[in-house]
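Note: the block below is model.tsv and it holds TSV, C-alpha atoms.
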chain	number	residue	atom	x	y	z
A	1	MET	CA	110.06	127.30	110.18
A	2	ASN	CA	106.75	129.14	109.72
A	3	LYS	CA	103.31	127.62	109.10
A	4	GLN	CA	103.37	128.43	105.37
A	5	GLU	CA	106.72	126.68	104.86
A	6	ALA	CA	105.65	123.66	106.93
A	7	ASN	CA	102.48	123.38	104.81
A	8	LYS	CA	104.61	123.22	101.64
A	9	TYR	CA	106.73	120.41	103.05
A	10	PHE	CA	103.72	118.41	104.25
A	11	THR	CA	101.99	118.80	100.88
A	12	LEU	CA	105.10	117.61	99.02
A	13	LEU	CA	105.61	114.66	101.38
A	14	SER	CA	102.04	113.51	100.77
A	15	LEU	CA	102.44	113.84	96.99
A	16	TYR	CA	105.61	111.77	96.87
A	17	LEU	CA	104.05	109.16	99.15
A	18	ALA	CA	101.06	108.99	96.78
A	19	GLN	CA	103.29	107.86	93.92
A	20	SER	CA	105.97	105.89	95.78
A	21	ILE	CA	103.91	103.41	97.83
A	22	PRO	CA	101.96	101.94	94.87
A	23	MET	CA	105.16	101.92	92.79
A	24	SER	CA	107.02	100.04	95.50
A	25	PHE	CA	104.15	97.57	95.76
A	26	PHE	CA	104.04	96.79	92.05
A	27	SER	CA	107.81	96.57	91.61
A	28	THR	CA	108.76	94.69	94.80
A	29	VAL	CA	105.72	93.01	96.36
A	30	VAL	CA	103.96	91.74	93.22
A	31	PRO	CA	107.05	89.70	92.18
A	32	VAL	CA	106.97	88.06	95.64
A	33	ILE	CA	103.26	87.29	95.29
A	34	MET	CA	103.82	85.92	91.79
A	35	ARG	CA	106.59	83.64	92.99
A	36	MET	CA	104.35	82.44	95.83
A	37	GLU	CA	101.76	81.60	93.16
A	38	ASN	CA	104.44	79.59	91.28
A	39	TYR	CA	104.93	81.98	88.35
A	40	SER	CA	108.04	81.40	86.27
A	41	LEU	CA	111.03	83.70	86.68
A	42	GLU	CA	110.55	84.66	83.02
A	43	SER	CA	107.03	85.93	83.76
A	44	ILE	CA	108.31	87.82	86.78
A	45	GLY	CA	111.00	89.33	84.56
A	46	TYR	CA	108.35	90.73	82.20
A	47	LEU	CA	106.97	92.67	85.15
A	48	GLN	CA	109.92	95.05	84.83
A	49	LEU	CA	108.24	96.46	81.70
A	50	ILE	CA	105.93	98.46	83.95
A	51	LYS	CA	108.87	100.78	84.74
A	52	LEU	CA	109.25	101.93	81.13
A	53	PRO	CA	107.03	105.03	81.50
A	54	TRP	CA	109.37	106.35	84.20
A	55	ILE	CA	112.31	106.10	81.80
A	56	LEU	CA	110.38	107.62	78.87
A	57	LYS	CA	108.51	110.36	80.76
A	58	PHE	CA	110.85	113.06	79.41
A	59	LEU	CA	109.05	112.62	76.05
A	60	TRP	CA	105.78	114.12	77.30
A	61	ALA	CA	107.18	116.42	80.03
A	62	PRO	CA	107.22	119.41	77.58
A	63	MET	CA	103.49	118.90	77.00
A	64	VAL	CA	102.82	119.24	80.74
A	65	ASP	CA	104.92	122.43	80.99
A	66	ARG	CA	103.33	123.89	77.85
A	67	ASN	CA	99.81	123.49	79.23
A	68	CYS	CA	100.47	125.03	82.64
A	69	SER	CA	100.41	128.79	83.05
A	70	SER	CA	100.10	128.67	86.86
A	71	THR	CA	100.90	126.40	89.78
A	72	LYS	CA	97.14	125.86	90.04
A	73	GLN	CA	97.18	124.19	86.63
A	74	TYR	CA	100.11	121.98	87.67
A	75	ARG	CA	97.95	121.00	90.64
A	76	ARG	CA	95.17	120.02	88.25
A	77	TRP	CA	97.57	117.77	86.36
A	78	ILE	CA	98.63	116.22	89.68
A	79	LEU	CA	95.06	115.56	90.79
A	80	ALA	CA	93.85	114.29	87.41
A	81	SER	CA	96.76	111.90	86.84
A	82	GLU	CA	96.69	110.53	90.39
A	83	ILE	CA	92.91	110.03	90.45
A	84	PHE	CA	93.24	108.14	87.15
A	85	TYR	CA	96.12	106.18	88.75
A	86	ALA	CA	93.85	105.23	91.67
A	87	ILE	CA	91.04	104.17	89.32
A	88	VAL	CA	93.38	101.86	87.39
A	89	ILE	CA	94.75	100.36	90.62
A	90	PHE	CA	91.16	99.81	91.83
A	91	SER	CA	90.22	98.09	88.56
A	92	ILE	CA	93.22	95.74	88.81
A	93	GLY	CA	91.72	94.49	92.07
A	94	PHE	CA	88.90	92.84	90.11
A	95	LEU	CA	91.38	90.78	88.05
A	96	ASN	CA	93.08	87.52	88.92
A	97	LEU	CA	96.84	87.13	88.48
A	98	GLU	CA	96.47	83.57	87.21
A	99	THR	CA	93.83	84.23	84.56
A	100	SER	CA	94.48	87.88	83.60
A	101	PHE	CA	98.25	88.27	83.81
A	102	SER	CA	98.70	90.08	80.46
A	103	THR	CA	95.80	92.44	81.18
A	104	ILE	CA	97.22	93.27	84.61
A	105	ILE	CA	100.64	94.04	83.10
A	106	LEU	CA	99.00	96.33	80.52
A	107	LEU	CA	97.01	98.14	83.23
A	108	MET	CA	100.14	98.49	85.34
A	109	VAL	CA	101.94	100.17	82.42
A	110	ILE	CA	98.97	102.55	82.04
A	111	ALA	CA	98.98	103.21	85.79
A	112	PHE	CA	102.72	103.92	85.77
A	113	THR	CA	102.27	106.30	82.82
A	114	ALA	CA	99.79	108.26	84.94
A	115	SER	CA	102.17	108.08	87.90
A	116	ALA	CA	105.07	109.35	85.77
A	117	THR	CA	102.90	112.27	84.60
A	118	HIS	CA	102.03	113.00	88.24
A	119	ASP	CA	105.75	113.04	88.99
A	120	ILE	CA	106.49	115.55	86.21
A	121	ALA	CA	103.80	117.91	87.45
A	122	THR	CA	104.72	117.43	91.12
A	123	ASP	CA	108.40	118.21	90.50
A	124	ALA	CA	107.51	121.38	88.59
A	125	PHE	CA	104.98	122.34	91.29
A	126	ALA	CA	107.67	121.85	93.96
A	127	ILE	CA	110.25	123.95	92.10
A	128	LEU	CA	107.76	126.80	91.68
A	129	ILE	CA	106.31	126.92	95.22
A	130	LEU	CA	109.62	126.49	97.04
A	131	LYS	CA	111.87	129.46	97.61
A	132	LYS	CA	115.56	128.93	96.85
A	133	GLN	CA	116.44	128.41	100.52
A	134	GLU	CA	113.53	125.96	100.96
A	135	ARG	CA	114.52	123.56	98.18
A	136	SER	CA	116.92	121.38	100.18
A	137	LEU	CA	114.28	120.60	102.81
A	138	GLY	CA	111.66	120.30	100.08
A	139	ASN	CA	113.81	117.62	98.48
A	140	SER	CA	114.18	115.96	101.87
A	141	MET	CA	110.41	115.47	101.65
A	142	GLN	CA	110.80	113.94	98.20
A	143	SER	CA	113.47	111.52	99.37
A	144	ALA	CA	111.62	110.76	102.61
A	145	GLY	CA	108.45	110.05	100.63
A	146	ASN	CA	110.36	107.63	98.41
A	147	PHE	CA	112.01	105.79	101.31
A	148	ILE	CA	108.87	105.64	103.46
A	149	GLY	CA	106.99	104.47	100.38
A	150	THR	CA	109.52	101.70	99.85
A	151	LEU	CA	109.27	100.72	103.53
A	152	MET	CA	105.48	100.57	103.48
A	153	GLY	CA	105.12	99.25	99.96
A	154	SER	CA	107.48	96.33	100.47
A	155	GLY	CA	106.55	95.58	104.09
A	156	VAL	CA	103.16	96.72	105.33
A	157	LEU	CA	101.33	95.89	102.10
A	158	LEU	CA	102.69	92.35	102.08
A	159	VAL	CA	101.14	91.88	105.54
A	160	ILE	CA	97.81	93.24	104.25
A	161	TYR	CA	97.99	90.78	101.36
A	162	HIS	CA	98.62	87.93	103.77
A	163	TYR	CA	95.50	88.69	105.82
A	164	TRP	CA	93.10	90.28	103.32
A	165	GLY	CA	94.15	88.98	99.92
A	166	TRP	CA	94.75	90.53	96.50
A	167	GLN	CA	91.45	92.34	95.95
A	168	TYR	CA	91.20	94.16	99.27
A	169	LEU	CA	94.89	95.04	99.07
A	170	LEU	CA	94.40	96.80	95.70
A	171	PHE	CA	91.24	98.54	96.95
A	172	SER	CA	93.15	99.75	100.02
A	173	LEU	CA	96.01	100.98	97.85
A	174	ALA	CA	93.65	102.96	95.60
A	175	ALA	CA	91.96	104.49	98.65
A	176	PHE	CA	95.32	105.47	100.12
A	177	VAL	CA	96.31	107.28	96.90
A	178	LEU	CA	93.14	109.36	97.06
A	179	ILE	CA	93.51	110.15	100.77
A	180	VAL	CA	97.06	111.51	100.44
A	181	LEU	CA	95.89	113.85	97.68
A	182	VAL	CA	93.84	115.84	100.21
A	183	PRO	CA	96.69	118.23	101.23
A	184	VAL	CA	97.40	119.34	97.64
A	185	SER	CA	93.68	119.70	96.86
A	186	LEU	CA	93.42	122.05	99.88
A	187	TYR	CA	96.61	123.96	99.09
A	188	PRO	CA	95.83	127.66	99.73
A	189	ALA	CA	94.78	129.60	96.65
A	190	HIS	CA	96.66	132.73	97.74
A	191	GLU	CA	99.92	130.80	97.57
A	192	GLN	CA	99.40	129.83	93.93
A	193	LYS	CA	101.65	131.48	91.32
A	194	GLN	CA	100.72	132.86	87.92
A	195	LEU	CA	103.45	132.09	85.36
A	196	ASP	CA	104.55	133.99	82.27
A	197	LYS	CA	102.98	133.27	78.89
A	198	SER	CA	106.25	132.23	77.23
A	199	ARG	CA	105.34	128.64	78.11
A	200	LYS	CA	103.11	128.55	75.06
A	201	ASN	CA	106.31	128.53	72.97
A	202	ILE	CA	107.59	125.31	74.53
A	203	SER	CA	108.53	122.82	71.82
A	204	PRO	CA	107.69	119.09	71.97
A	205	LEU	CA	111.44	118.61	71.41
A	206	GLU	CA	112.35	120.78	74.39
A	207	PHE	CA	114.30	117.93	75.97
A	208	ILE	CA	116.74	118.09	73.04
A	209	TYR	CA	117.37	121.80	73.61
A	210	PHE	CA	118.24	121.06	77.22
A	211	PHE	CA	121.29	119.09	76.05
A	212	ARG	CA	122.35	121.88	73.68
A	213	GLN	CA	123.10	124.32	76.48
A	214	LYS	CA	126.73	125.49	76.57
A	215	LYS	CA	129.09	123.76	79.02
A	216	ILE	CA	126.37	121.37	80.26
A	217	GLY	CA	128.58	118.31	79.70
A	218	GLY	CA	130.21	118.40	83.14
A	219	HIS	CA	126.86	118.62	84.88
A	220	LEU	CA	125.51	115.64	82.92
A	221	LEU	CA	128.63	113.65	83.83
A	222	LEU	CA	128.14	114.49	87.51
A	223	LEU	CA	124.51	113.31	87.38
A	224	PHE	CA	125.47	110.14	85.56
A	225	LEU	CA	128.22	109.21	88.01
A	226	PHE	CA	126.95	110.55	91.33
A	227	TYR	CA	125.33	107.31	92.53
A	228	SER	CA	127.74	105.03	90.72
A	229	GLY	CA	129.81	104.20	93.81
A	230	LEU	CA	126.68	102.96	95.63
A	231	ILE	CA	124.29	101.37	93.12
A	232	GLY	CA	126.30	98.20	92.55
A	233	ILE	CA	126.42	97.58	96.30
A	234	LEU	CA	122.72	98.39	96.73
A	235	THR	CA	121.87	95.95	93.95
A	236	MET	CA	123.99	93.14	95.29
A	237	VAL	CA	123.59	93.62	99.05
A	238	LYS	CA	120.66	91.16	99.33
A	239	PRO	CA	122.36	88.40	97.27
A	240	TYR	CA	125.50	89.10	99.33
A	241	LEU	CA	123.57	88.52	102.56
A	242	VAL	CA	122.06	85.34	101.09
A	243	ASP	CA	125.55	84.03	100.35
A	244	LEU	CA	126.57	84.89	103.90
A	245	GLY	CA	123.86	82.53	105.14
A	246	TYR	CA	121.06	84.89	106.14
A	247	ASP	CA	117.47	83.79	105.48
A	248	VAL	CA	114.74	85.79	103.74
A	249	LYS	CA	113.18	87.02	106.99
A	250	GLN	CA	116.51	88.31	108.30
A	251	ILE	CA	117.39	89.98	105.00
A	252	GLY	CA	113.95	91.58	104.83
A	253	PHE	CA	114.47	93.16	108.23
A	254	ILE	CA	118.15	94.13	107.82
A	255	SER	CA	117.86	95.70	104.36
A	256	GLY	CA	114.16	96.24	103.76
A	257	ILE	CA	113.21	97.67	107.15
A	258	PHE	CA	116.34	98.75	109.04
A	259	GLY	CA	118.24	100.00	105.97
A	260	THR	CA	115.30	101.84	104.42
A	261	ALA	CA	114.40	103.38	107.79
A	262	CYS	CA	117.96	104.70	108.11
A	263	GLY	CA	117.61	106.28	104.68
A	264	ALA	CA	114.27	107.90	105.53
A	265	LEU	CA	115.59	109.28	108.83
A	266	MET	CA	118.65	110.90	107.22
A	267	THR	CA	116.81	112.82	104.50
A	268	VAL	CA	115.91	115.77	106.75
A	269	PRO	CA	119.44	116.17	108.23
A	270	ALA	CA	120.76	116.14	104.65
A	271	GLY	CA	118.35	118.89	103.65
A	272	ILE	CA	119.22	120.99	106.69
A	273	PHE	CA	122.93	120.57	105.98
A	274	ILE	CA	122.60	121.65	102.33
A	275	ARG	CA	120.49	124.63	103.39
A	276	LYS	CA	123.18	125.67	105.88
A	277	VAL	CA	126.37	125.21	103.84
A	278	GLY	CA	125.08	125.47	100.24
A	279	LEU	CA	125.53	123.20	97.21
A	280	ASN	CA	129.14	124.22	96.48
A	281	LYS	CA	130.34	122.84	99.82
A	282	ALA	CA	127.85	119.97	100.08
A	283	VAL	CA	129.07	118.58	96.75
A	284	TRP	CA	132.27	117.49	98.52
A	285	VAL	CA	130.61	115.95	101.56
A	286	PHE	CA	128.12	113.49	100.08
A	287	PRO	CA	130.53	111.80	97.64
A	288	ALA	CA	132.91	111.42	100.60
A	289	ILE	CA	130.17	109.61	102.57
A	290	ASN	CA	129.54	107.40	99.52
A	291	ILE	CA	133.23	106.48	99.40
A	292	ILE	CA	133.21	105.62	103.11
A	293	ALA	CA	130.20	103.33	102.59
A	294	ALA	CA	131.91	101.55	99.67
A	295	ILE	CA	135.19	101.19	101.61
A	296	PHE	CA	133.25	99.74	104.55
A	297	PHE	CA	131.73	97.02	102.36
A	298	LEU	CA	135.11	96.28	100.80
A	299	GLY	CA	136.57	95.92	104.29
A	300	LEU	CA	133.64	93.70	105.26
A	301	THR	CA	134.80	91.08	102.76
A	302	PHE	CA	138.04	90.72	104.78
A	303	SER	CA	136.14	90.15	108.06
A	304	SER	CA	134.22	87.24	109.56
A	305	HIS	CA	131.02	89.22	108.89
A	306	PRO	CA	129.74	89.70	112.46
A	307	LEU	CA	126.10	90.77	112.57
A	308	TYR	CA	126.79	94.20	114.10
A	309	LEU	CA	129.09	95.07	111.16
A	310	ILE	CA	126.39	93.99	108.72
A	311	TYR	CA	123.95	96.37	110.40
A	312	ILE	CA	126.48	99.21	110.38
A	313	GLY	CA	127.25	98.62	106.71
A	314	VAL	CA	123.61	98.47	105.60
A	315	GLY	CA	122.73	101.53	107.68
A	316	LEU	CA	125.68	103.45	106.23
A	317	LEU	CA	124.80	102.35	102.69
A	318	TRP	CA	121.18	103.52	102.85
A	319	THR	CA	122.18	106.69	104.70
A	320	ALA	CA	124.67	107.57	101.97
A	321	TYR	CA	122.13	106.86	99.23
A	322	ALA	CA	119.39	108.93	100.91
A	323	MET	CA	121.64	111.92	101.53
A	324	SER	CA	122.99	111.78	97.98
A	325	SER	CA	119.41	111.72	96.69
A	326	VAL	CA	118.58	114.94	98.53
A	327	PHE	CA	121.68	116.58	97.04
A	328	VAL	CA	120.95	115.41	93.48
A	329	TYR	CA	117.32	116.55	93.64
A	330	THR	CA	118.33	119.95	95.03
A	331	LEU	CA	121.01	120.42	92.36
A	332	ALA	CA	118.58	119.35	89.62
A	333	MET	CA	116.02	121.91	90.85
A	334	LYS	CA	118.67	124.60	90.40
A	335	ILE	CA	119.48	123.59	86.82
A	336	VAL	CA	116.11	124.25	85.20
A	337	ARG	CA	115.22	126.79	82.55
A	338	LYS	CA	112.38	129.19	83.25
A	339	GLY	CA	109.12	127.78	81.93
A	340	ARG	CA	110.65	124.32	81.46
A	341	GLU	CA	110.76	123.24	85.11
A	342	GLY	CA	108.99	119.90	84.71
A	343	THR	CA	110.89	119.01	81.54
A	344	ASP	CA	114.38	119.88	82.76
A	345	PHE	CA	114.04	118.29	86.19
A	346	THR	CA	112.61	115.14	84.61
A	347	ILE	CA	115.50	114.87	82.13
A	348	GLN	CA	118.08	115.11	84.90
A	349	ILE	CA	116.45	112.48	87.10
A	350	VAL	CA	116.01	110.14	84.11
A	351	ILE	CA	119.78	110.41	83.55
A	352	THR	CA	120.37	109.16	87.11
A	353	HIS	CA	117.83	106.36	86.56
A	354	LEU	CA	119.56	105.23	83.37
A	355	SER	CA	122.96	105.28	85.05
A	356	SER	CA	121.60	103.27	87.97
A	357	LEU	CA	119.98	100.78	85.62
A	358	ILE	CA	123.22	100.23	83.68
A	359	ILE	CA	125.30	99.79	86.84
A	360	ALA	CA	122.68	97.52	88.43
A	361	VAL	CA	122.66	95.24	85.39
A	362	MET	CA	126.46	95.14	85.22
A	363	SER	CA	126.94	94.58	88.97
A	364	GLY	CA	125.72	90.99	88.86
A	365	LYS	CA	128.06	90.12	85.99
A	366	VAL	CA	131.00	91.81	87.71
A	367	ALA	CA	130.33	90.03	91.02
A	368	ASP	CA	130.07	86.70	89.20
A	369	ALA	CA	133.37	87.32	87.40
A	370	ILE	CA	135.54	88.80	90.17
A	371	THR	CA	133.51	88.15	93.39
A	372	TYR	CA	131.79	90.62	95.69
A	373	ARG	CA	135.16	91.91	96.84
A	374	GLY	CA	136.09	92.86	93.29
A	375	LEU	CA	132.72	94.57	92.76
A	376	PHE	CA	133.04	96.57	95.98
A	377	ALA	CA	136.60	97.58	95.02
A	378	ILE	CA	135.32	98.90	91.69
A	379	GLU	CA	132.61	100.82	93.55
A	380	VAL	CA	135.30	102.44	95.69
A	381	GLY	CA	137.13	103.40	92.50
A	382	LEU	CA	133.99	104.94	90.98
A	383	GLY	CA	133.42	106.93	94.16
A	384	LEU	CA	136.97	108.25	94.04
A	385	LEU	CA	136.56	109.14	90.35
A	386	ILE	CA	133.62	111.41	91.18
A	387	PHE	CA	135.64	113.03	93.94
A	388	ILE	CA	138.51	113.72	91.52
A	389	LEU	CA	136.16	115.19	88.89
A	390	ILE	CA	134.30	117.57	91.24
A	391	PRO	CA	136.80	120.48	91.10
A	392	PHE	CA	136.83	120.38	87.30
A	393	ILE	CA	133.03	120.22	87.06
A	394	PHE	CA	132.32	122.94	89.60
A	395	LYS	CA	134.87	125.26	88.02
A	396	ASN	CA	132.59	125.13	85.00
A	397	HIS	CA	130.89	128.50	84.49
A	398	PHE	CA	127.73	126.59	83.52
A	399	TYR	CA	126.56	126.69	87.16
A	400	ASN	CA	126.97	130.47	87.31
A	401	LEU	CA	124.24	130.82	84.71
A	402	TYR	CA	121.79	129.43	87.27
A	403	GLU	CA	123.13	131.29	90.30
A	404	ASN	CA	119.87	133.10	90.94
A	405	SER	CA	117.54	130.22	90.15

Show how you would write the structure in this file as structure tokens.
Amino acid sequence: MNKQEANKYFTLLSLYLAQSIPMSFFSTVVPVIMRMENYSLESIGYLQLIKLPWILKFLWAPMVDRNCSSTKQYRRWILASEIFYAIVIFSIGFLNLETSFSTIILLMVIAFTASATHDIATDAFAILILKKQERSLGNSMQSAGNFIGTLMGSGVLLVIYHYWGWQYLLFSLAAFVLIVLVPVSLYPAHEQKQLDKSRKNISPLEFIYFFRQKKIGGHLLLLFLFYSGLIGILTMVKPYLVDLGYDVKQIGFISGIFGTACGALMTVPAGIFIRKVGLNKAVWVFPAINIIAAIFFLGLTFSSHPLYLIYIGVGLLWTAYAMSSVFVYTLAMKIVRKGREGTDFTIQIVITHLSSLIIAVMSGKVADAITYRGLFAIEVGLGLLIFILIPFIFKNHFYNLYENS
């Protein structure tokens, strides 16, 4: 790996950390703080509204692509949206959860809109600066940033809150966002790319045209189902551990620290593997690992649940999820139309988010109705379904259209 390539990876890692740590804080730590302050579960439930911009970001992704004729302009979008993000986070620090709850929620939605815009521009920037053979490792940086962000956002920041309190925590978070923007602000000018002028013709409805491509149905099905054999288990693993008798501290370490760390550590090996064997072969390997993880949890329900098996299962689960994420991101980078990089990548990732949301919501109902064992058995079935569909999807000539992208 040369210095230029390493600089790309470091820049991307810093960008994904910039968005993932505050996001993890607001979506996982704030609910804990609210519960500690005796907020109702209903109020905590409303907090989920802050995630809406990340589901709806495909609506304004064409605007970002349309207004960028170079990677330098994508960088401007990144810097502007993230600086605004930091300012909003800083301003929230002056508010009190007890007296300004509605205002804080509104500001969080605004902050997440800026963060979603940053993500659109960052994904397009990554696609354009990475060479084809660099994308798998580039996406390892994206996944690693997300997992490290989750680890820090749900662990380290809670410790800071305990010792420093709400205001200094928010100020620290805003400062961190600005600090990790330094690498992209210093990204060498000679490595910037000038893009063709056809971007001016991008329609606000560009996301609709993405779905009108011939033979795209199989690809959309693959995106929708790829995580399906894992998400139900990921959603229910903490309640499962609670029902097994583990306390909050133990669960926090087993899943929040150990599991997430396993995921972060496996992102780079996944990227190296994809780079070595290619997407056509890797598409068989990662679903197989997902099936193994689901089978392990199903088998766990027939055991006496010794602690070492719990650790193996959680480590395997997060490893499978992290490696699958690297594959999905790399595949999504391949399936983008020229000039529509931010829009097309965003659409594909939103599809995986929607699928995960649906399965996560259903997993609790399924576990209630037919127990954890029944849920895990269904997850095994979903994993096998993907495996069965792969030869039909990858025979689709749709992928050949993007062979050189």

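Considering only C-alpha atoms, the residue among A:Ala322, A:Ser115, A:Val336, A:Val283 positioned nearest to Ala270 in chain A is A:Ala322.
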
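Those residues positioned at most 12 Å from (109.6, 106.0, 78.6) are Leu49, Ile50, Lys51, Leu52, Pro53, Trp54, Ile55, Leu56, Lys57, Phe58, Leu59, Trp60, Ala61, Val109, Ile110, Phe112, Thr113, Ala114, Ala116, Thr117, Thr346, Ile347, Val350, His353 and Leu354 of chain A, judged using all atoms listed in the file.
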
*Residues within 10 Å of (128.8, 118.3, 84.3), counting all atoms listed in the file, listed as a PyMOL selection string*: chain A and resi 215-225+389-390+392-396+398-399

Those same residues, written as a compact mmCIF listing (two decimals), in the coordinates of the input with C-alpha atoms?
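Result file is again.txt:
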# COMPACT_ATOMS: atom_id res chain seq x y z
CA LYS A 215 129.09 123.76 79.02
CA ILE A 216 126.37 121.37 80.26
CA GLY A 217 128.58 118.31 79.70
CA GLY A 218 130.21 118.40 83.14
CA HIS A 219 126.86 118.62 84.88
CA LEU A 220 125.51 115.64 82.92
CA LEU A 221 128.63 113.65 83.83
CA LEU A 222 128.14 114.49 87.51
CA LEU A 223 124.51 113.31 87.38
CA PHE A 224 125.47 110.14 85.56
CA LEU A 225 128.22 109.21 88.01
CA LEU A 389 136.16 115.19 88.89
CA ILE A 390 134.30 117.57 91.24
CA PHE A 392 136.83 120.38 87.30
CA ILE A 393 133.03 120.22 87.06
CA PHE A 394 132.32 122.94 89.60
CA LYS A 395 134.87 125.26 88.02
CA ASN A 396 132.59 125.13 85.00
CA PHE A 398 127.73 126.59 83.52
CA TYR A 399 126.56 126.69 87.16

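In this structure, CA of Val326 in chain A sits 14.4 Å away from CA of Lys132 in chain A.
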
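Nearest residue to Ser69 in chain A, choosing from A:Met152, A:Ile202, A:Ala282, A:Leu317 and counting only C-alpha atoms: A:Ile202.
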
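Closest approach to Ser172 in chain A from the set A:Phe90, A:Val328, A:Ala360, A:Tyr321 is made by A:Phe90, with distances taken over all atoms listed in the file.
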